[in-house]
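Below is one structure; the comments refer to it alone.
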Amino acid sequence: MNVVLGSQPAEPERENEDFAAVAPGVAVLLDGAGVAGAETGCTHGIAWFSSTLGGLLLSTATAQPARPLAECLADSIRVVRSLHEDSCDLTYRASPTSTVVAVRAGTEALEYLVLGDSSLLLADKGTGPTVVTDRRLDDVGKRLRGPVDALPTGSPEHAAALAEYREVLTGLRNRPDGFWIAGPDPDAAEHALTGTVPLGSLSSVTLLSDGATRLVDRFELTTWQETLAVLDSSGPAELIRRVREVEAGDPDGQRWPRGKAHDDATALHWTLAYPARSADCLRGKPGD
């Protein structure tokens, strides 16, 4: 495996609630979520939830290669629940949740799972990149975000409108008319987007939290093809640097309305096939 990982918290002094990790043939990325400014009902916190769930999912998907990723996720959610249900209120409205992206390479195919608004970027050798994103949260958000987006990001009025928006959003979590995300209920795993792709058709696979995809899906300043080119040439750190540069130019969200001026940003770029090189380069020249 040739994997490059970059991750940065929204603010230097804040805990990073994203989590990403790899094992041979398996990669996972989770973006932890709660209700900003609200008690979670969990003594451990959002970062603990995403990292604990992510570590368990990575272990389960690696140790049980024949089990579908959705089943591995459901089992992992059950274990996390058992770790803190006696000490934390998991029925609380702001109980920690997380998006999930997971991939696993088999002999012939790449299996994937996407739950929540993180993204999977699949670089096909022949047709270019394809993105797999769970848009159900975005679809709900578009119906509800109007009052939030009309106000300057970070202002007291924006904070109040955002809190109200998130209150309503929480009521739609893990419901058929809302959206699905990993939380206390393992049944959410059944609603993940899943599929397989022929492994030989791919040149790379990239897992991205929504803080790392803003240049494309929030700011609309670039394309997935251009994003892939940055990842291939300069890696995740450069992609995140470009996101931060644009965010810094619009701190109040006047041009690009958004809930947070900055967000945790994580990108895991897994190269499956190297660019064509000469035989001498691959084997080493005589005398090297």
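Following the order of the structure tokens, first chain is A, next is B, and so on, with residues numbered from 1 inside each chain and ligands from 1 in the order they appear.
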
Spatial neighbours of Asp210 (chain A), 10 Å, only C-alpha atoms, chain gap at least 2 places, as a tab-separated table (two decimals) with C-alpha atoms, in the first residue's frame:
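Output file part.tsv is given in full below:
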chain	number	residue	atom	x	y	z
A	31	ASP	CA	-15.89	12.68	10.77
A	99	THR	CA	-19.86	9.85	9.23
A	116	GLY	CA	-23.01	10.53	6.08
A	117	ASP	CA	-21.57	13.46	4.15
A	118	SER	CA	-17.94	12.42	3.85
A	119	SER	CA	-16.78	11.40	0.37
A	133	THR	CA	-21.13	10.89	-1.35
A	207	LEU	CA	-11.28	9.18	1.54
A	208	LEU	CA	-12.26	12.77	2.40
A	212	ALA	CA	-11.45	18.68	2.84
A	213	THR	CA	-13.97	18.76	-0.02
A	214	ARG	CA	-15.05	22.39	0.36
A	215	LEU	CA	-13.16	23.60	-2.71
A	216	VAL	CA	-15.46	21.43	-4.83
A	217	ASP	CA	-18.82	21.06	-3.11
A	218	ARG	CA	-19.05	24.22	-1.00
A	263	ASP	CA	-13.87	22.68	9.68
A	264	ASP	CA	-11.73	19.67	10.56
A	265	ALA	CA	-10.22	18.53	7.26
A	266	THR	CA	-8.86	15.06	6.52
A	267	ALA	CA	-7.79	13.33	3.31

request  = Per DSSP on the backbone, filter region 53-282 of chain A down to the residues in strand (DSSP E or B) and report them as a ChimeraX atom specification.
outcome  = /A:97-105,109-115,119-124,128-133,173,179,182,193-198,202-208,265-271

Residues near Glu85 (chain A), cut-off 12 Å, only C-alpha atoms, skip fewer than 5 positions along chain, as JSON, numbers by chain = {"A": [41, 42, 43, 44, 77, 78, 79, 80, 90, 91, 92, 95, 183, 184, 185]}

Find the spatial neighbours of Trp256 (chain A), counting only C-alpha atoms, within a cut-off of 10 Å - ignore same-chain residues fewer than 3 positions away - and output them as a PDB file with N, CA, C and O atoms, in the first residue's frame.
ATOM      1  N   ASP A 149     -27.835  30.714   6.488  1.00  0.00           N
ATOM      2  CA  ASP A 149     -26.950  31.211   5.437  1.00  0.00           C
ATOM      3  C   ASP A 149     -27.125  32.695   5.153  1.00  0.00           C
ATOM      4  O   ASP A 149     -26.263  33.322   4.527  1.00  0.00           O
ATOM      5  N   PRO A 152     -24.041  36.507   8.821  1.00  0.00           N
ATOM      6  CA  PRO A 152     -22.570  36.390   8.805  1.00  0.00           C
ATOM      7  C   PRO A 152     -22.098  35.257   9.714  1.00  0.00           C
ATOM      8  O   PRO A 152     -22.506  35.185  10.878  1.00  0.00           O
ATOM      9  N   THR A 153     -21.226  34.404   9.183  1.00  0.00           N
ATOM     10  CA  THR A 153     -20.681  33.305   9.967  1.00  0.00           C
ATOM     11  C   THR A 153     -19.950  33.840  11.192  1.00  0.00           C
ATOM     12  O   THR A 153     -19.143  34.755  11.096  1.00  0.00           O
ATOM     13  N   ARG A 214     -14.381  21.099   0.517  1.00  0.00           N
ATOM     14  CA  ARG A 214     -15.052  22.389   0.357  1.00  0.00           C
ATOM     15  C   ARG A 214     -14.724  23.095  -0.949  1.00  0.00           C
ATOM     16  O   ARG A 214     -15.564  23.812  -1.500  1.00  0.00           O
ATOM     17  N   ARG A 218     -18.543  23.041  -1.705  1.00  0.00           N
ATOM     18  CA  ARG A 218     -19.048  24.219  -1.002  1.00  0.00           C
ATOM     19  C   ARG A 218     -18.684  25.496  -1.757  1.00  0.00           C
ATOM     20  O   ARG A 218     -19.536  26.333  -2.037  1.00  0.00           O
ATOM     21  N   PHE A 219     -17.404  25.640  -2.112  1.00  0.00           N
ATOM     22  CA  PHE A 219     -16.948  26.861  -2.769  1.00  0.00           C
ATOM     23  C   PHE A 219     -17.084  26.811  -4.289  1.00  0.00           C
ATOM     24  O   PHE A 219     -17.091  27.857  -4.949  1.00  0.00           O
ATOM     25  N   GLU A 220     -17.135  25.600  -4.839  1.00  0.00           N
ATOM     26  CA  GLU A 220     -17.280  25.395  -6.290  1.00  0.00           C
ATOM     27  C   GLU A 220     -16.181  26.138  -7.064  1.00  0.00           C
ATOM     28  O   GLU A 220     -16.421  26.741  -8.100  1.00  0.00           O
ATOM     29  N   VAL A 246      -8.683  29.644   1.064  1.00  0.00           N
ATOM     30  CA  VAL A 246      -9.967  30.183   0.611  1.00  0.00           C
ATOM     31  C   VAL A 246     -10.839  30.551   1.802  1.00  0.00           C
ATOM     32  O   VAL A 246     -11.485  31.605   1.818  1.00  0.00           O
ATOM     33  N   GLU A 247     -10.875  29.710   2.825  1.00  0.00           N
ATOM     34  CA  GLU A 247     -11.660  30.015   4.019  1.00  0.00           C
ATOM     35  C   GLU A 247     -11.217  31.335   4.648  1.00  0.00           C
ATOM     36  O   GLU A 247     -12.047  32.147   5.078  1.00  0.00           O
ATOM     37  N   ASP A 250     -12.691  34.489   3.289  1.00  0.00           N
ATOM     38  CA  ASP A 250     -14.127  34.712   3.484  1.00  0.00           C
ATOM     39  C   ASP A 250     -14.504  34.308   4.908  1.00  0.00           C
ATOM     40  O   ASP A 250     -15.322  33.415   5.129  1.00  0.00           O
ATOM     41  N   PRO A 251     -13.908  34.958   5.918  1.00  0.00           N
ATOM     42  CA  PRO A 251     -14.108  34.509   7.311  1.00  0.00           C
ATOM     43  C   PRO A 251     -15.527  34.651   7.814  1.00  0.00           C
ATOM     44  O   PRO A 251     -15.934  33.919   8.723  1.00  0.00           O
ATOM     45  N   ASP A 252     -16.296  35.572   7.242  1.00  0.00           N
ATOM     46  CA  ASP A 252     -17.667  35.802   7.697  1.00  0.00           C
ATOM     47  C   ASP A 252     -18.706  35.021   6.898  1.00  0.00           C
ATOM     48  O   ASP A 252     -19.913  35.171   7.138  1.00  0.00           O
ATOM     49  N   GLY A 253     -18.255  34.235   5.936  1.00  0.00           N
ATOM     50  CA  GLY A 253     -19.200  33.446   5.157  1.00  0.00           C
ATOM     51  C   GLY A 253     -20.107  34.269   4.272  1.00  0.00           C
ATOM     52  O   GLY A 253     -21.213  33.848   3.953  1.00  0.00           O
ATOM     53  N   GLY A 259     -21.797  26.766   8.075  1.00  0.00           N
ATOM     54  CA  GLY A 259     -21.989  26.715   9.510  1.00  0.00           C
ATOM     55  C   GLY A 259     -20.758  27.133  10.286  1.00  0.00           C
ATOM     56  O   GLY A 259     -20.850  27.797  11.320  1.00  0.00           O
ATOM     57  N   ALA A 261     -16.648  28.701   9.916  1.00  0.00           N
ATOM     58  CA  ALA A 261     -15.662  29.325   9.028  1.00  0.00           C
ATOM     59  C   ALA A 261     -14.624  28.303   8.590  1.00  0.00           C
ATOM     60  O   ALA A 261     -14.204  28.280   7.430  1.00  0.00           O
TER      61      ALA A 261
END

What are the closest atom pairs, with distances in Å to one decimal, for all residues of region 150-205 of chain A lying within 12 Å of region 56-69 of chain A? Consider only C-alpha atoms, order rows by chain and residue number, and present the result as a Markdown table.
| residue | atom | partner | partner_atom | distance |
| --- | --- | --- | --- | --- |
| A:Ala182 | CA | A:Leu57 | CA | 11.6 |
| A:Ala189 | CA | A:Leu69 | CA | 8.8 |
| A:Glu190 | CA | A:Leu69 | CA | 10.0 |
| A:His191 | CA | A:Leu69 | CA | 11.9 |
| A:Ala192 | CA | A:Leu69 | CA | 9.6 |
| A:Leu193 | CA | A:Leu69 | CA | 10.4 |
| A:Thr194 | CA | A:Leu69 | CA | 8.1 |
| A:Gly195 | CA | A:Leu69 | CA | 9.7 |
| A:Thr196 | CA | A:Pro68 | CA | 10.7 |

Keeping only N, CA, C and O atoms, take the residues you just selected and write them out as a PDB file, in the first residue's frame.
ATOM      1  N   ALA A 182     -23.663   7.230  11.727  1.00  0.00           N
ATOM      2  CA  ALA A 182     -23.293   6.283  12.779  1.00  0.00           C
ATOM      3  C   ALA A 182     -23.426   6.940  14.143  1.00  0.00           C
ATOM      4  O   ALA A 182     -22.884   8.018  14.376  1.00  0.00           O
ATOM      5  N   ALA A 189     -26.171   1.291  10.022  1.00  0.00           N
ATOM      6  CA  ALA A 189     -25.234   0.715   9.053  1.00  0.00           C
ATOM      7  C   ALA A 189     -25.956   0.124   7.851  1.00  0.00           C
ATOM      8  O   ALA A 189     -25.400   0.075   6.749  1.00  0.00           O
ATOM      9  N   GLU A 190     -27.205  -0.329   8.046  1.00  0.00           N
ATOM     10  CA  GLU A 190     -27.974  -0.915   6.945  1.00  0.00           C
ATOM     11  C   GLU A 190     -28.303   0.117   5.871  1.00  0.00           C
ATOM     12  O   GLU A 190     -28.627  -0.242   4.738  1.00  0.00           O
ATOM     13  N   HIS A 191     -28.227   1.398   6.215  1.00  0.00           N
ATOM     14  CA  HIS A 191     -28.609   2.458   5.288  1.00  0.00           C
ATOM     15  C   HIS A 191     -27.407   3.119   4.616  1.00  0.00           C
ATOM     16  O   HIS A 191     -27.564   4.115   3.896  1.00  0.00           O
ATOM     17  N   ALA A 192     -26.223   2.581   4.832  1.00  0.00           N
ATOM     18  CA  ALA A 192     -25.028   3.112   4.175  1.00  0.00           C
ATOM     19  C   ALA A 192     -25.057   2.826   2.681  1.00  0.00           C
ATOM     20  O   ALA A 192     -25.691   1.859   2.223  1.00  0.00           O
ATOM     21  N   LEU A 193     -24.395   3.677   1.906  1.00  0.00           N
ATOM     22  CA  LEU A 193     -24.195   3.408   0.491  1.00  0.00           C
ATOM     23  C   LEU A 193     -23.043   2.416   0.362  1.00  0.00           C
ATOM     24  O   LEU A 193     -21.948   2.644   0.886  1.00  0.00           O
ATOM     25  N   THR A 194     -23.281   1.307  -0.305  1.00  0.00           N
ATOM     26  CA  THR A 194     -22.255   0.277  -0.439  1.00  0.00           C
ATOM     27  C   THR A 194     -22.143  -0.169  -1.888  1.00  0.00           C
ATOM     28  O   THR A 194     -23.071  -0.004  -2.681  1.00  0.00           O
ATOM     29  N   GLY A 195     -21.009  -0.755  -2.229  1.00  0.00           N
ATOM     30  CA  GLY A 195     -20.822  -1.258  -3.579  1.00  0.00           C
ATOM     31  C   GLY A 195     -19.430  -1.822  -3.755  1.00  0.00           C
ATOM     32  O   GLY A 195     -18.618  -1.852  -2.823  1.00  0.00           O
ATOM     33  N   THR A 196     -19.157  -2.285  -4.960  1.00  0.00           N
ATOM     34  CA  THR A 196     -17.835  -2.794  -5.314  1.00  0.00           C
ATOM     35  C   THR A 196     -17.423  -2.222  -6.660  1.00  0.00           C
ATOM     36  O   THR A 196     -18.269  -1.894  -7.495  1.00  0.00           O
TER      37      THR A 196
END

Thr206 (chain A): which residues within 8 Å, counting only C-alpha atoms, same-chain residues fewer than 4 positions away excluded, as an mmCIF file with all heavy atoms, in the first residue's frame?
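Produced file selection20.cif, reproduced below:
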data_model
loop_
_atom_site.group_PDB
_atom_site.id
_atom_site.type_symbol
_atom_site.label_atom_id
_atom_site.label_comp_id
_atom_site.auth_asym_id
_atom_site.auth_seq_id
_atom_site.Cartn_x
_atom_site.Cartn_y
_atom_site.Cartn_z
ATOM 1 N N LEU A 120 -15.968 9.598 -0.965
ATOM 2 C CA LEU A 120 -15.010 8.631 -1.497
ATOM 3 C C LEU A 120 -14.746 8.994 -2.945
ATOM 4 O O LEU A 120 -15.675 9.069 -3.758
ATOM 5 C CB LEU A 120 -15.580 7.214 -1.392
ATOM 6 C CG LEU A 120 -14.776 6.086 -2.043
ATOM 7 C CD1 LEU A 120 -13.424 5.937 -1.357
ATOM 8 C CD2 LEU A 120 -15.559 4.771 -1.982
ATOM 9 N N LEU A 121 -13.482 9.233 -3.273
ATOM 10 C CA LEU A 121 -13.086 9.611 -4.632
ATOM 11 C C LEU A 121 -12.365 8.438 -5.271
ATOM 12 O O LEU A 121 -11.287 8.025 -4.818
ATOM 13 C CB LEU A 121 -12.183 10.845 -4.574
ATOM 14 C CG LEU A 121 -11.764 11.484 -5.898
ATOM 15 C CD1 LEU A 121 -12.989 11.966 -6.681
ATOM 16 C CD2 LEU A 121 -10.799 12.646 -5.653
ATOM 17 N N LEU A 122 -12.973 7.878 -6.312
ATOM 18 C CA LEU A 122 -12.432 6.720 -7.012
ATOM 19 C C LEU A 122 -11.846 7.183 -8.346
ATOM 20 O O LEU A 122 -12.569 7.713 -9.190
ATOM 21 C CB LEU A 122 -13.525 5.683 -7.259
ATOM 22 C CG LEU A 122 -14.245 5.160 -6.005
ATOM 23 C CD1 LEU A 122 -15.465 4.337 -6.406
ATOM 24 C CD2 LEU A 122 -13.303 4.344 -5.143
ATOM 25 N N ALA A 267 -7.828 14.026 4.598
ATOM 26 C CA ALA A 267 -7.793 13.331 3.311
ATOM 27 C C ALA A 267 -6.809 12.177 3.404
ATOM 28 O O ALA A 267 -5.673 12.352 3.854
ATOM 29 C CB ALA A 267 -7.383 14.287 2.195
ATOM 30 N N LEU A 268 -7.264 11.004 2.989
ATOM 31 C CA LEU A 268 -6.426 9.805 2.944
ATOM 32 C C LEU A 268 -6.367 9.349 1.495
ATOM 33 O O LEU A 268 -7.384 8.965 0.923
ATOM 34 C CB LEU A 268 -7.027 8.724 3.842
ATOM 35 C CG LEU A 268 -6.212 7.449 4.088
ATOM 36 C CD1 LEU A 268 -6.666 6.780 5.393
ATOM 37 C CD2 LEU A 268 -6.323 6.445 2.947
ATOM 38 N N HIS A 269 -5.173 9.447 0.909
ATOM 39 C CA HIS A 269 -4.987 9.172 -0.521
ATOM 40 C C HIS A 269 -4.187 7.885 -0.686
ATOM 41 O O HIS A 269 -3.021 7.805 -0.323
ATOM 42 C CB HIS A 269 -4.255 10.349 -1.170
ATOM 43 C CG HIS A 269 -4.148 10.273 -2.664
ATOM 44 N ND1 HIS A 269 -5.249 10.098 -3.487
ATOM 45 C CD2 HIS A 269 -3.064 10.349 -3.491
ATOM 46 C CE1 HIS A 269 -4.848 10.078 -4.751
ATOM 47 N NE2 HIS A 269 -3.529 10.214 -4.777
ATOM 48 N N TRP A 270 -4.834 6.881 -1.258
ATOM 49 C CA TRP A 270 -4.263 5.539 -1.401
ATOM 50 C C TRP A 270 -4.018 5.277 -2.890
ATOM 51 O O TRP A 270 -4.952 5.162 -3.667
ATOM 52 C CB TRP A 270 -5.230 4.531 -0.796
ATOM 53 C CG TRP A 270 -4.890 3.081 -0.951
ATOM 54 C CD1 TRP A 270 -3.791 2.529 -1.510
ATOM 55 C CD2 TRP A 270 -5.700 1.979 -0.512
ATOM 56 N NE1 TRP A 270 -3.849 1.168 -1.453
ATOM 57 C CE2 TRP A 270 -5.001 0.802 -0.858
ATOM 58 C CE3 TRP A 270 -6.935 1.891 0.115
ATOM 59 C CZ2 TRP A 270 -5.518 -0.463 -0.580
ATOM 60 C CZ3 TRP A 270 -7.444 0.631 0.391
ATOM 61 C CH2 TRP A 270 -6.743 -0.531 0.048
#

key: Interatomic distance (Å, one decimal) between CA of Thr107 (chain A) and CA of Leu199 (chain A)   =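 Those two atoms sit 7.9 Å apart.
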
key: Residue nearest Gly235 (chain A) - candidates A:Thr271, A:Ala47, A:Ala74, A:Arg255, atoms counted: only C-alpha atoms   = A:Thr271
